[in-house]
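Only one structure is covered here, and it is reproduced in the block below.
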Amino acid sequence: MNEAAPGTVSSRRPLVLVVDDEEGVRASMELVFSDQFDLIMAATGTEAVRKLLEAAPNLMLLDLRIPGINGLQVLERAKAMDPDIEVIVITAVSETTTAIAAMRAGAFTYVVKPFDMDQLKTQVSWALTKHRLNLENRRFVETLSRENRRLRLQHNRLTRRLEETTHALQETQDELFQASRLATLGETAASLAHEIQNPLTVISS
């Protein structure tokens, strides 16, 4: 069984958690998928929840009828931990009502025992593609959000600089206007002084 510890799983291969109390089913999953994915196994609901916390898998193949915490509760806890995880529910024909409830709880799809392995492989491929696209979309949205925040900060800085420049320009214009008034008053005073000086010169003579 290729059960890797957290942190040792290759980041380039999807990590799949198989939850089933039947050893034969787990062995079959190992045989079919180990060449494509890194696999971890759980035989009970309690063990599944623990491994969800430890390993953060991309996909979970989940049998609904397992010891301990039942499959539907495991699904709900998985989605609460990681909304992006994809879950393929494995169910018996008599449990299809519960399987539909699992779909409403966020499962990607369900397959009925005894399942066709080729069909399961197709569902696994689709589920992992959806998981990858969801992660890419989330990263894209986060990138856009960061860029939007950066542009908003830059806009605020430029707005403040424009306001400061406008204020400084207004002060300069006010100073120029005041200087122009003083110059005009000076010219008027000089003209008046000249006009007064001429009669005084005559009188003095």
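Labels for the structure tokens follow display order: chains A, B, ..., residues from 1 in each chain, ligands from 1.
By chain and then residue number, the residues within 12 Å of Ser94 (chain A) are A:Leu64, A:Arg65, A:Ile90, A:Thr91, A:Thr97, A:Thr98, A:Ala99, A:Ile100, A:Val112, A:Lys113, counting only C-alpha atoms and disregarding those fewer than 3 positions away in sequence.
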With a cut-off of 12 Å, could you pull out the residues of region 96-162 of chain A touching region 37-51 of chain A and give me the nearest pair of atoms for each, distance in Å to one decimal, using only C-alpha atoms, ordered by chain and ascending number, as JSON lines?
```
{"residue": "A:Lys121", "atom": "CA", "partner": "A:Phe37", "partner_atom": "CA", "distance": 11.5}
{"residue": "A:Val124", "atom": "CA", "partner": "A:Phe37", "partner_atom": "CA", "distance": 10.5}
{"residue": "A:Ser125", "atom": "CA", "partner": "A:Phe37", "partner_atom": "CA", "distance": 10.7}
{"residue": "A:Leu128", "atom": "CA", "partner": "A:Phe37", "partner_atom": "CA", "distance": 10.5}
```
Print the selection's residues with N, CA and C atoms to a file, as a PDB file, in the first residue's frame.
```
ATOM      1  N   LYS A 121     -12.724   5.247 -12.919  1.00  0.00           N
ATOM      2  CA  LYS A 121     -11.536   5.981 -13.362  1.00  0.00           C
ATOM      3  C   LYS A 121     -11.928   7.261 -14.092  1.00  0.00           C
ATOM      4  N   VAL A 124     -13.123   9.741 -11.513  1.00  0.00           N
ATOM      5  CA  VAL A 124     -11.967  10.265 -10.773  1.00  0.00           C
ATOM      6  C   VAL A 124     -11.252  11.325 -11.602  1.00  0.00           C
ATOM      7  N   SER A 125     -11.065  11.061 -12.887  1.00  0.00           N
ATOM      8  CA  SER A 125     -10.400  12.023 -13.762  1.00  0.00           C
ATOM      9  C   SER A 125     -11.175  13.330 -13.826  1.00  0.00           C
ATOM     10  N   LEU A 128     -10.907  15.243 -10.433  1.00  0.00           N
ATOM     11  CA  LEU A 128      -9.615  15.897 -10.235  1.00  0.00           C
ATOM     12  C   LEU A 128      -9.431  17.081 -11.174  1.00  0.00           C
TER      13      LEU A 128
END
```
Handout entry: Spatial neighbours of Met60 (chain A), max dist 12 Å, only C-alpha atoms, sep filter under 6 positions, as an MDAnalysis selection string
Key = chainID A and resid 14:20 29 37:42 48:49 51:52 71 74:75 78:79 82 84:90 107:110 123:124 127:128 131
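Proximity ranking of A:Leu120, A:Leu59, A:Leu72, A:Ala92 relative to Arg13 (chain A) places A:Leu59 first, based on only C-alpha atoms.
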Practice task
Enumerate as a PyMOL selection string all residues of region 4-203 of chain A assigned to strand (DSSP E or B) by DSSP on the backbone, naming them with the chain letters and numbers the document uses.
Solution key: chain A and resi 15-19+38-42+59-63+86-91+109-112
Completion exercise
Here CA of Met103 (chain A) and CA of Glu76 (chain A) stand apart by 10.7 Å
Handout entry: Residue list (helix (DSSP H, G or I), DSSP) for region 11-175 of chain A, as a ChimeraX atom specification
Key = /A:23-33,45-55,71-81,93-104,117-175
Quick one: write out the picked residues with C-alpha atoms as a tab-separated table (two decimals), in the first residue's frame?
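Ended up saving to again34.tsv:
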```
chain	number	residue	atom	x	y	z
A	23	GLU	CA	-9.79	-4.52	2.47
A	24	GLY	CA	-10.47	-5.94	-0.99
A	25	VAL	CA	-11.83	-2.60	-2.21
A	26	ARG	CA	-8.84	-0.74	-0.82
A	27	ALA	CA	-6.47	-3.23	-2.47
A	28	SER	CA	-8.28	-2.81	-5.80
A	29	MET	CA	-8.00	0.97	-5.58
A	30	GLU	CA	-4.29	0.61	-4.82
A	31	LEU	CA	-3.80	-1.65	-7.82
A	32	VAL	CA	-5.70	0.58	-10.24
A	33	PHE	CA	-4.67	4.08	-9.15
A	45	GLY	CA	-14.87	7.32	9.51
A	46	THR	CA	-12.76	8.41	12.48
A	47	GLU	CA	-9.56	7.44	10.67
A	48	ALA	CA	-10.77	9.25	7.55
A	49	VAL	CA	-11.32	12.51	9.45
A	50	ARG	CA	-7.87	12.23	11.01
A	51	LYS	CA	-6.22	11.71	7.63
A	52	LEU	CA	-8.19	14.58	6.12
A	53	LEU	CA	-6.64	16.83	8.75
A	54	GLU	CA	-3.15	15.40	8.36
A	55	ALA	CA	-2.85	15.10	4.58
A	71	GLY	CA	-19.85	8.47	5.41
A	72	LEU	CA	-22.24	11.41	5.20
A	73	GLN	CA	-20.75	12.93	8.36
A	74	VAL	CA	-17.25	12.40	7.00
A	75	LEU	CA	-18.29	14.22	3.82
A	76	GLU	CA	-19.71	17.15	5.78
A	77	ARG	CA	-16.55	17.44	7.88
A	78	ALA	CA	-14.35	17.19	4.78
A	79	LYS	CA	-16.20	20.04	3.09
A	80	ALA	CA	-16.02	22.11	6.26
A	81	MET	CA	-12.23	21.60	6.38
A	93	VAL	CA	-28.14	0.34	-4.48
A	94	SER	CA	-30.30	0.51	-1.34
A	95	GLU	CA	-28.46	3.66	-0.23
A	96	THR	CA	-29.17	5.85	-3.26
A	97	THR	CA	-31.37	8.17	-1.18
A	98	THR	CA	-28.42	8.78	1.13
A	99	ALA	CA	-26.18	9.18	-1.90
A	100	ILE	CA	-28.45	11.94	-3.20
A	101	ALA	CA	-28.21	13.59	0.22
A	102	ALA	CA	-24.43	13.35	-0.14
A	103	MET	CA	-24.66	15.12	-3.50
A	104	ARG	CA	-26.58	17.92	-1.82
A	117	MET	CA	-13.61	0.31	-12.54
A	118	ASP	CA	-13.35	2.05	-15.93
A	119	GLN	CA	-16.37	4.17	-15.05
A	120	LEU	CA	-14.81	5.00	-11.69
A	121	LYS	CA	-11.54	5.98	-13.36
A	122	THR	CA	-13.46	8.36	-15.62
A	123	GLN	CA	-15.26	9.91	-12.64
A	124	VAL	CA	-11.97	10.27	-10.77
A	125	SER	CA	-10.40	12.02	-13.76
A	126	TRP	CA	-13.31	14.44	-14.04
A	127	ALA	CA	-13.34	15.13	-10.31
A	128	LEU	CA	-9.61	15.90	-10.23
A	129	THR	CA	-9.96	18.14	-13.29
A	130	LYS	CA	-12.71	20.05	-11.50
A	131	HIS	CA	-10.53	20.30	-8.39
A	132	ARG	CA	-7.62	21.66	-10.42
A	133	LEU	CA	-9.80	24.20	-12.23
A	134	ASN	CA	-11.34	25.33	-8.94
A	135	LEU	CA	-7.90	25.91	-7.45
A	136	GLU	CA	-6.72	27.76	-10.55
A	137	ASN	CA	-9.84	29.89	-10.50
A	138	ARG	CA	-9.34	30.67	-6.82
A	139	ARG	CA	-5.71	31.65	-7.42
A	140	PHE	CA	-6.80	33.82	-10.35
A	141	VAL	CA	-9.44	35.55	-8.23
A	142	GLU	CA	-6.93	36.07	-5.41
A	143	THR	CA	-4.44	37.53	-7.89
A	144	LEU	CA	-7.07	39.88	-9.25
A	145	SER	CA	-8.03	40.87	-5.72
A	146	ARG	CA	-4.40	41.63	-4.80
A	147	GLU	CA	-3.93	43.61	-8.02
A	148	ASN	CA	-7.14	45.51	-7.35
A	149	ARG	CA	-5.95	46.39	-3.84
A	150	ARG	CA	-2.58	47.50	-5.23
A	151	LEU	CA	-4.24	49.71	-7.86
A	152	ARG	CA	-6.60	51.14	-5.27
A	153	LEU	CA	-3.68	52.06	-3.01
A	154	GLN	CA	-1.81	53.57	-5.94
A	155	HIS	CA	-4.90	55.55	-6.93
A	156	ASN	CA	-5.24	56.84	-3.36
A	157	ARG	CA	-1.56	57.87	-3.30
A	158	LEU	CA	-1.85	59.67	-6.64
A	159	THR	CA	-5.06	61.37	-5.52
A	160	ARG	CA	-3.34	62.63	-2.37
A	161	ARG	CA	-0.35	63.83	-4.40
A	162	LEU	CA	-2.67	65.62	-6.81
A	163	GLU	CA	-4.52	67.27	-3.94
A	164	GLU	CA	-1.21	68.35	-2.36
A	165	THR	CA	0.07	69.69	-5.70
A	166	THR	CA	-3.20	71.51	-6.35
A	167	HIS	CA	-3.08	73.04	-2.86
A	168	ALA	CA	0.55	74.14	-3.35
A	169	LEU	CA	-0.33	75.61	-6.76
A	170	GLN	CA	-3.23	77.51	-5.24
A	171	GLU	CA	-0.96	78.92	-2.55
A	172	THR	CA	1.58	79.97	-5.20
A	173	GLN	CA	-1.15	81.67	-7.23
A	174	ASP	CA	-2.34	83.51	-4.12
A	175	GLU	CA	1.20	84.66	-3.39
```
